[in-house]
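Shown next: model_39.txt, containing compact mmCIF, C-alpha atoms (C1' of nucleotides).
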```txt
# COMPACT_ATOMS: atom_id res chain seq x y z
CA MET R 1 29.17 -41.38 29.01
CA LYS R 2 28.96 -37.62 29.16
CA ILE R 3 25.68 -36.18 30.24
CA GLU R 4 26.69 -32.74 29.09
CA SER R 5 25.05 -31.09 26.15
CA GLN R 6 26.86 -30.65 22.88
CA ILE R 7 24.83 -27.63 21.92
CA PRO R 8 26.70 -24.36 22.13
CA ALA R 9 25.15 -21.26 23.53
CA LEU R 10 24.86 -19.11 20.46
CA THR R 11 22.53 -19.54 17.58
CA ASP R 12 25.25 -18.84 15.09
CA ASP R 13 27.22 -21.77 16.38
CA LEU R 14 24.43 -24.18 15.71
CA ASP R 15 25.30 -25.79 12.48
CA LEU R 16 22.91 -27.59 10.25
CA THR R 17 23.73 -31.04 11.53
CA LEU R 18 23.26 -30.14 15.16
CA ALA R 19 20.02 -28.28 14.51
CA ALA R 20 18.66 -31.16 12.48
CA SER R 21 19.37 -33.66 15.20
CA ALA R 22 17.77 -31.43 17.80
CA PHE R 23 14.64 -31.16 15.67
CA ALA R 24 14.75 -34.89 15.08
CA ALA R 25 14.90 -35.44 18.82
CA LEU R 26 11.66 -33.48 19.09
CA GLY R 27 10.13 -35.33 16.18
CA SER R 28 8.87 -38.35 18.05
CA GLU R 29 5.53 -38.30 19.76
CA GLN R 30 6.83 -40.16 22.79
CA ARG R 31 9.90 -37.97 23.14
CA LEU R 32 7.88 -34.80 22.70
CA SER R 33 5.53 -36.00 25.38
CA VAL R 34 8.45 -36.76 27.68
CA LEU R 35 9.94 -33.35 27.11
CA ARG R 36 6.66 -31.55 27.66
CA THR R 37 6.23 -33.41 30.91
CA LEU R 38 9.66 -32.20 31.97
CA VAL R 39 8.89 -28.65 30.87
CA ARG R 40 5.73 -28.76 32.94
CA ALA R 41 7.70 -30.08 35.88
CA GLY R 42 9.98 -27.07 35.75
CA PRO R 43 13.59 -26.73 36.82
CA GLU R 44 13.33 -29.24 39.65
CA GLY R 45 12.99 -32.05 37.17
CA LEU R 46 11.71 -35.57 37.63
CA SER R 47 13.27 -38.96 38.15
CA ILE R 48 13.22 -41.45 35.30
CA GLY R 49 10.72 -43.52 37.23
CA THR R 50 8.30 -40.65 37.80
CA LEU R 51 8.72 -39.57 34.23
CA GLY R 52 7.84 -43.06 33.09
CA ALA R 53 4.81 -43.14 35.32
CA ARG R 54 3.53 -39.82 33.96
CA THR R 55 4.13 -40.55 30.30
CA GLY R 56 3.42 -44.26 30.15
CA VAL R 57 6.87 -44.95 28.73
CA THR R 58 8.97 -47.25 30.85
CA GLY R 59 12.27 -49.03 31.17
CA SER R 60 14.75 -49.28 28.39
CA THR R 61 12.58 -47.36 25.95
CA LEU R 62 12.45 -44.35 28.23
CA THR R 63 16.17 -44.53 28.84
CA HIS R 64 16.68 -44.45 25.11
CA HIS R 65 14.42 -41.45 24.54
CA VAL R 66 15.89 -39.45 27.38
CA LYS R 67 19.35 -40.10 26.03
CA VAL R 68 18.34 -38.76 22.63
CA LEU R 69 16.89 -35.64 24.24
CA ALA R 70 20.01 -35.16 26.34
CA GLN R 71 22.29 -35.49 23.35
CA ALA R 72 20.25 -32.83 21.62
CA GLY R 73 20.80 -30.49 24.55
CA LEU R 74 17.14 -30.44 25.51
CA VAL R 75 17.43 -32.25 28.82
CA THR R 76 19.99 -32.66 31.57
CA GLN R 77 20.48 -35.67 33.77
CA ALA R 78 22.02 -35.83 37.20
CA ARG R 79 22.25 -38.67 39.62
CA GLN R 80 20.66 -38.06 42.98
CA GLY R 81 20.94 -41.05 45.23
CA ARG R 82 19.44 -44.04 43.51
CA SER R 83 17.54 -41.96 40.98
CA ILE R 84 18.45 -40.03 37.88
CA ILE R 85 16.82 -36.62 37.87
CA CYS R 86 16.00 -35.29 34.42
CA ALA R 87 15.18 -31.64 33.79
CA ALA R 88 14.25 -29.76 30.65
CA VAL R 89 16.67 -27.16 29.43
CA ALA R 90 14.65 -26.73 26.27
CA TYR R 91 13.83 -23.08 26.74
CA ASP R 92 16.93 -21.59 25.23
CA THR R 93 17.61 -24.45 22.88
CA VAL R 94 14.20 -24.21 21.25
CA ARG R 95 14.54 -20.47 20.90
CA HIS R 96 17.89 -20.91 19.25
CA LEU R 97 16.53 -23.53 16.95
CA SER R 98 13.77 -21.30 15.69
CA GLU R 99 16.21 -18.45 15.34
CA PHE R 100 18.52 -20.71 13.39
CA LEU R 101 15.70 -21.43 11.02
CA LEU R 102 14.20 -17.97 10.67
CA ASN R 103 17.18 -15.75 11.24
CA GLU R 104 18.22 -15.12 7.69
CA CYS R 105 14.74 -14.72 6.42
CA CYS R 106 14.80 -13.06 3.02
CA ALA R 107 18.58 -12.84 2.99
CA ASP R 108 18.46 -13.97 -0.61
CA CYS R 109 15.25 -12.23 -1.34
CA ALA R 110 15.46 -10.61 -4.77
CA THR R 111 13.00 -7.74 -4.60
CA LEU R 112 11.77 -7.31 -1.08
CA THR R 113 14.03 -5.51 1.33
CA LYS R 114 11.42 -3.74 3.38
CA ASP R 115 10.77 -5.10 6.80
CA HIS R 116 7.78 -7.35 6.77
CA ASP R 117 6.02 -8.88 9.65
CA HIS R 118 6.20 -12.60 10.25
CA GLY R 119 4.48 -12.67 13.59
CA MET X 1 -0.34 -14.27 35.48
CA LYS X 2 -0.89 -17.34 33.40
CA ILE X 3 1.01 -17.58 30.17
CA GLU X 4 -1.96 -19.37 28.67
CA SER X 5 -4.11 -16.31 28.77
CA GLN X 6 -1.68 -14.41 26.58
CA ILE X 7 -1.50 -17.00 23.84
CA PRO X 8 -4.58 -17.70 21.80
CA ALA X 9 -6.02 -21.00 20.74
CA LEU X 10 -3.62 -21.36 17.86
CA THR X 11 -1.11 -23.10 20.05
CA ASP X 12 -3.66 -25.29 21.74
CA ASP X 13 -4.87 -26.58 18.41
CA LEU X 14 -1.58 -28.20 17.71
CA ASP X 15 -1.89 -31.56 19.29
CA LEU X 16 0.98 -33.77 20.18
CA THR X 17 0.85 -35.84 17.02
CA LEU X 18 0.80 -32.83 14.75
CA ALA X 19 3.61 -31.12 16.60
CA ALA X 20 5.74 -34.24 16.57
CA SER X 21 5.36 -34.69 12.84
CA ALA X 22 6.20 -31.05 12.23
CA PHE X 23 9.36 -31.39 14.32
CA ALA X 24 10.15 -34.64 12.54
CA ALA X 25 9.84 -32.83 9.22
CA LEU X 26 12.51 -30.41 10.44
CA GLY X 27 14.64 -33.21 11.80
CA SER X 28 16.45 -34.11 8.62
CA GLU X 29 19.56 -32.28 7.56
CA GLN X 30 18.51 -32.17 3.93
CA ARG X 31 15.01 -30.99 4.69
CA LEU X 32 16.26 -28.37 7.11
CA SER X 33 18.63 -27.15 4.45
CA VAL X 34 15.82 -27.01 1.92
CA LEU X 35 13.61 -25.07 4.29
CA ARG X 36 16.34 -22.62 5.21
CA THR X 37 16.99 -22.01 1.56
CA LEU X 38 13.32 -21.20 1.11
CA VAL X 39 13.30 -18.96 4.17
CA ARG X 40 16.25 -17.10 2.74
CA ALA X 41 14.47 -16.78 -0.56
CA GLY X 42 11.57 -15.06 1.11
CA PRO X 43 7.90 -14.99 0.15
CA GLU X 44 8.57 -15.15 -3.59
CA GLY X 45 9.73 -18.72 -3.23
CA LEU X 46 11.75 -20.84 -5.61
CA SER X 47 11.03 -23.47 -8.20
CA ILE X 48 11.82 -27.08 -7.39
CA GLY X 49 14.60 -26.95 -9.96
CA THR X 50 16.26 -23.88 -8.45
CA LEU X 51 15.82 -25.29 -4.99
CA GLY X 52 17.54 -28.47 -6.10
CA ALA X 53 20.38 -26.51 -7.64
CA ARG X 54 20.92 -24.51 -4.45
CA THR X 55 20.73 -27.38 -2.03
CA GLY X 56 22.27 -30.17 -4.03
CA VAL X 57 19.17 -32.32 -3.61
CA THR X 58 17.47 -33.22 -6.84
CA GLY X 59 14.76 -35.23 -8.50
CA SER X 60 12.55 -37.62 -6.64
CA THR X 61 14.39 -37.15 -3.36
CA LEU X 62 13.70 -33.43 -3.38
CA THR X 63 10.08 -34.01 -4.32
CA HIS X 64 9.78 -36.33 -1.37
CA HIS X 65 11.32 -33.89 1.10
CA VAL X 66 9.27 -30.94 -0.10
CA LYS X 67 6.15 -33.01 0.25
CA VAL X 68 7.03 -33.81 3.84
CA LEU X 69 7.61 -30.13 4.57
CA ALA X 70 4.35 -29.20 2.89
CA GLN X 71 2.39 -31.76 4.87
CA ALA X 72 3.88 -30.31 8.04
CA GLY X 73 2.57 -26.89 7.02
CA LEU X 74 6.05 -25.44 6.63
CA VAL X 75 5.99 -24.90 2.89
CA THR X 76 3.44 -24.13 0.20
CA GLN X 77 3.53 -25.26 -3.40
CA ALA X 78 1.86 -23.63 -6.37
CA ARG X 79 2.15 -24.42 -10.03
CA GLN X 80 3.33 -21.59 -12.19
CA GLY X 81 3.63 -22.60 -15.79
CA ARG X 82 5.90 -25.58 -16.05
CA SER X 83 7.42 -25.05 -12.62
CA ILE X 84 6.29 -25.63 -9.09
CA ILE X 85 7.04 -22.65 -6.87
CA CYS X 86 7.74 -23.52 -3.25
CA ALA X 87 7.72 -20.94 -0.49
CA ALA X 88 8.38 -21.17 3.22
CA VAL X 89 5.50 -20.46 5.52
CA ALA X 90 7.53 -21.60 8.48
CA TYR X 91 7.47 -18.34 10.39
CA ASP X 92 4.24 -18.83 12.27
CA THR X 93 4.43 -22.59 12.35
CA VAL X 94 7.80 -22.61 14.06
CA ARG X 95 6.63 -20.05 16.57
CA HIS X 96 3.60 -22.14 17.35
CA LEU X 97 5.71 -25.24 17.72
CA SER X 98 7.98 -23.64 20.27
CA GLU X 99 5.00 -22.22 22.07
CA PHE X 100 3.42 -25.66 22.11
CA LEU X 101 6.51 -26.99 23.78
CA LEU X 102 7.19 -24.20 26.24
CA ASN X 103 3.72 -22.93 26.91
CA GLU X 104 2.91 -24.79 30.06
CA CYS X 105 6.32 -24.38 31.54
CA CYS X 106 6.21 -25.15 35.25
CA ALA X 107 2.47 -25.89 35.15
CA ASP X 108 3.18 -28.89 37.34
CA CYS X 109 5.96 -27.21 39.20
CA ALA X 110 5.68 -28.06 42.89
CA THR X 111 7.36 -25.16 44.60
CA LEU X 112 8.02 -22.43 42.11
CA THR X 113 5.15 -20.20 41.16
CA LYS X 114 6.99 -16.95 40.72
CA ASP X 115 7.62 -15.81 37.22
CA HIS X 116 11.07 -16.74 36.11
CA ASP X 117 12.86 -15.81 32.99
CA HIS X 118 13.71 -18.40 30.39
CA GLY X 119 15.06 -16.08 27.82
C1' DC K 1 28.98 -58.93 51.82
C1' DC K 2 23.97 -59.42 50.40
C1' DG K 3 19.50 -58.00 48.91
C1' DT K 4 16.83 -54.51 46.77
C1' DC K 5 15.51 -50.66 44.02
C1' DA K 6 16.48 -47.60 39.92
C1' DT K 7 18.32 -47.35 35.65
C1' DT K 8 21.04 -48.91 31.72
C1' DT K 9 23.07 -52.05 28.29
C1' DC K 10 22.44 -55.64 25.09
C1' DG K 11 20.51 -58.43 21.46
C1' DC K 12 16.77 -58.86 18.45
C1' DA K 13 12.37 -58.52 15.37
C1' DA K 14 9.46 -55.18 13.22
C1' DT K 15 8.84 -50.98 11.22
C1' DT K 16 9.82 -46.79 9.10
C1' DC K 17 12.91 -43.73 6.34
C1' DA K 18 16.20 -42.07 2.74
C1' DT K 19 17.67 -42.52 -1.70
C1' DC K 20 17.93 -43.75 -6.42
C1' DG K 21 16.70 -44.64 -11.41
C1' DA K 22 13.20 -45.43 -14.68
C1' DA K 23 8.80 -44.61 -16.22
C1' DA K 24 4.68 -41.54 -15.93
C1' DT K 25 2.33 -37.05 -15.82
C1' DA K 26 1.76 -32.02 -16.80
C1' DA K 27 2.46 -27.71 -19.35
C1' DC K 28 3.77 -25.59 -23.17
C1' DA K 29 5.79 -24.48 -28.19
C1' DG K 30 5.39 -25.46 -32.87
C1' DC P 1 -0.01 -34.49 -32.50
C1' DT P 2 5.10 -34.39 -31.32
C1' DG P 3 8.90 -33.05 -28.76
C1' DT P 4 10.91 -30.66 -24.70
C1' DT P 5 11.21 -29.32 -20.02
C1' DA P 6 9.73 -29.78 -15.11
C1' DT P 7 8.15 -32.54 -11.66
C1' DT P 8 6.10 -36.70 -9.68
C1' DT P 9 5.07 -41.64 -8.98
C1' DC P 10 6.66 -46.22 -8.51
C1' DG P 11 9.47 -49.96 -6.91
C1' DA P 12 13.48 -51.51 -4.78
C1' DT P 13 17.30 -51.43 -1.53
C1' DG P 14 20.04 -50.45 2.49
C1' DA P 15 20.14 -47.75 6.76
C1' DA P 16 18.16 -46.11 10.88
C1' DT P 17 14.67 -46.23 14.53
C1' DT P 18 11.39 -48.36 17.65
C1' DG P 19 10.13 -51.35 21.30
C1' DC P 20 10.86 -55.16 24.27
C1' DG P 21 12.60 -58.39 27.81
C1' DA P 22 16.59 -60.25 30.14
C1' DA P 23 20.76 -59.50 32.15
C1' DA P 24 24.11 -56.05 34.02
C1' DT P 25 25.41 -51.90 36.67
C1' DG P 26 25.18 -48.53 40.52
C1' DA P 27 23.56 -46.88 44.96
C1' DC P 28 22.02 -47.79 49.33
C1' DG P 29 20.48 -50.21 53.98
C1' DG P 30 21.50 -53.61 57.19
```
So that I can check it, write out the structure of this file as structure tokens.
Amino acid sequence: MKIESQIPALTDDLDLTLAASAFAALGSEQRLSVLRTLVRAGPEGLSIGTLGARTGVTGSTLTHHVKVLAQAGLVTQARQGRSIICAAVAYDTVRHLSEFLLNECCADCATLTKDHDHG
Amino acid sequence: MKIESQIPALTDDLDLTLAASAFAALGSEQRLSVLRTLVRAGPEGLSIGTLGARTGVTGSTLTHHVKVLAQAGLVTQARQGRSIICAAVAYDTVRHLSEFLLNECCADCATLTKDHDHG
DNA sequence: CCGTCATTTCGCAATTCATCGAAATAACAG
DNA sequence: CTGTTATTTCGATGAATTGCGAAATGACGG
């Protein structure tokens, strides 16, 4: 099985289906916790075992969650000796996701064309 | 310089459970489509009927999805005559969600303490 | 080759979710 | 009050997800 992400680099390329599955990948408390742990760990990543120890999720369940995150392009996996090292690549992906959602703000807006501040 | 010090308590208030359910609310293709339609419509919002016509989701299913989005704090609803007007309030929420996820980037990072650019 | 550690696949029960139609509620016009 | 339009609640059904333990796979040391 491919470890590679399916998520393209540009926001415009993210179609609805892909964006929805990425959000869905984030929409589980355990997976979000796993991903945050990886974000905290930084680019060096963590092995599945360490990740399990830090999050309290172990074995086949953790494998499953990491796979979901990897398929959503939020995490990479690479074998290193006997371990699988997982690392978050969420930074860009999350930015693209929020851009996907907010990008065309007011595109269909009837009356308001002035710039207005959303943050 | 800590990233924490730049971002106020707003982000910290979102706990894991809340963030996960907000992401889960976004993690359905139909709901994401509904929300994007509302974002495009801007602050004036749309009635449930119009929203259904634009997204192809109608009746009880749409009611259900809008309720999920509203509970996640992504949408507001207000009665206006016979219609319910829905409007996206996703702008801040989505920003806070991504901040929640990325905020403590590298907090546990062993070796790297220099600032490094993630976007 | 054999044993061991790290991770994954598989099969399965329990739970949650999406979707639909029919009936119920709410606002308004007459 | 009665009828019409807009939306919601309810109940049911099938699909998807979660979580788990046991067996399988892959990598390494001796």
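You will find atom CA of R:Thr17 at 16.6 Å from atom CA of R:Asn103.
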Using only C-alpha atoms and a cut-off of 8 Å, which residues of chain X sit close to chain R? Please list them as a PDB file with C-alpha atoms, in the coordinates of the input.
```
ATOM      1  CA  LEU X  16       0.980 -33.770  20.180  1.00  0.00           C
ATOM      2  CA  THR X  17       0.850 -35.840  17.020  1.00  0.00           C
ATOM      3  CA  ALA X  19       3.610 -31.120  16.600  1.00  0.00           C
ATOM      4  CA  ALA X  20       5.740 -34.240  16.570  1.00  0.00           C
ATOM      5  CA  SER X  21       5.360 -34.690  12.840  1.00  0.00           C
ATOM      6  CA  ALA X  22       6.200 -31.050  12.230  1.00  0.00           C
ATOM      7  CA  PHE X  23       9.360 -31.390  14.320  1.00  0.00           C
ATOM      8  CA  ALA X  24      10.150 -34.640  12.540  1.00  0.00           C
ATOM      9  CA  ALA X  25       9.840 -32.830   9.220  1.00  0.00           C
ATOM     10  CA  LEU X  26      12.510 -30.410  10.440  1.00  0.00           C
ATOM     11  CA  GLY X  27      14.640 -33.210  11.800  1.00  0.00           C
ATOM     12  CA  SER X  28      16.450 -34.110   8.620  1.00  0.00           C
ATOM     13  CA  GLU X  29      19.560 -32.280   7.560  1.00  0.00           C
ATOM     14  CA  LEU X  32      16.260 -28.370   7.110  1.00  0.00           C
ATOM     15  CA  SER X  33      18.630 -27.150   4.450  1.00  0.00           C
ATOM     16  CA  LEU X  35      13.610 -25.070   4.290  1.00  0.00           C
ATOM     17  CA  ARG X  36      16.340 -22.620   5.210  1.00  0.00           C
ATOM     18  CA  VAL X  39      13.300 -18.960   4.170  1.00  0.00           C
ATOM     19  CA  ARG X  40      16.250 -17.100   2.740  1.00  0.00           C
ATOM     20  CA  ALA X  41      14.470 -16.780  -0.560  1.00  0.00           C
ATOM     21  CA  GLY X  42      11.570 -15.060   1.110  1.00  0.00           C
ATOM     22  CA  PRO X  43       7.900 -14.990   0.150  1.00  0.00           C
ATOM     23  CA  GLU X  44       8.570 -15.150  -3.590  1.00  0.00           C
ATOM     24  CA  ALA X  90       7.530 -21.600   8.480  1.00  0.00           C
ATOM     25  CA  TYR X  91       7.470 -18.340  10.390  1.00  0.00           C
ATOM     26  CA  ASP X  92       4.240 -18.830  12.270  1.00  0.00           C
ATOM     27  CA  VAL X  94       7.800 -22.610  14.060  1.00  0.00           C
ATOM     28  CA  ARG X  95       6.630 -20.050  16.570  1.00  0.00           C
ATOM     29  CA  SER X  98       7.980 -23.640  20.270  1.00  0.00           C
ATOM     30  CA  LEU X 101       6.510 -26.990  23.780  1.00  0.00           C
ATOM     31  CA  LEU X 102       7.190 -24.200  26.240  1.00  0.00           C
ATOM     32  CA  GLU X 104       2.910 -24.790  30.060  1.00  0.00           C
ATOM     33  CA  CYS X 105       6.320 -24.380  31.540  1.00  0.00           C
ATOM     34  CA  CYS X 106       6.210 -25.150  35.250  1.00  0.00           C
ATOM     35  CA  ALA X 107       2.470 -25.890  35.150  1.00  0.00           C
ATOM     36  CA  ASP X 108       3.180 -28.890  37.340  1.00  0.00           C
ATOM     37  CA  CYS X 109       5.960 -27.210  39.200  1.00  0.00           C
ATOM     38  CA  ALA X 110       5.680 -28.060  42.890  1.00  0.00           C
ATOM     39  CA  HIS X 118      13.710 -18.400  30.390  1.00  0.00           C
ATOM     40  CA  GLY X 119      15.060 -16.080  27.820  1.00  0.00           C
TER      41      GLY X 119
END
```
Taking all atoms listed in the file into account, which residues of chain R are within 7 Å of chain P, as an MDAnalysis selection string? chainID R and resid 61 81:82
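Our summary of the geometry notes that atom CA of X:Val57 is positioned 12.0 Å from atom C1' of K:DA18.
Residues from chain K found within 12 Å of chain R are DT4, DC5, DA6, DT7, DT8, DT9 and DC10 of chain K, counting all atoms listed in the file.
Our summary of the geometry notes that atom CA of R:Ala70 is positioned 26.0 Å from atom CA of X:Val68.
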What are the centre and the three edge lengths of an axis-aligned box that wraps all atoms of stretch 5-23 of chain P in the file, given that 3 Å is added to every side, written as JSON and rounded to one decimal in Å?
```
{"center_x": 12.9, "center_y": -44.8, "center_z": 6.1, "size_x": 21.7, "size_y": 36.9, "size_z": 58.2}
```
Show which residues sit within 9 Å of R:Ala78, as a PyMOL selection string. Count all atoms listed in the file, and ignore same-chain residues fewer than 6 positions away. chain R and resi 3+84-87
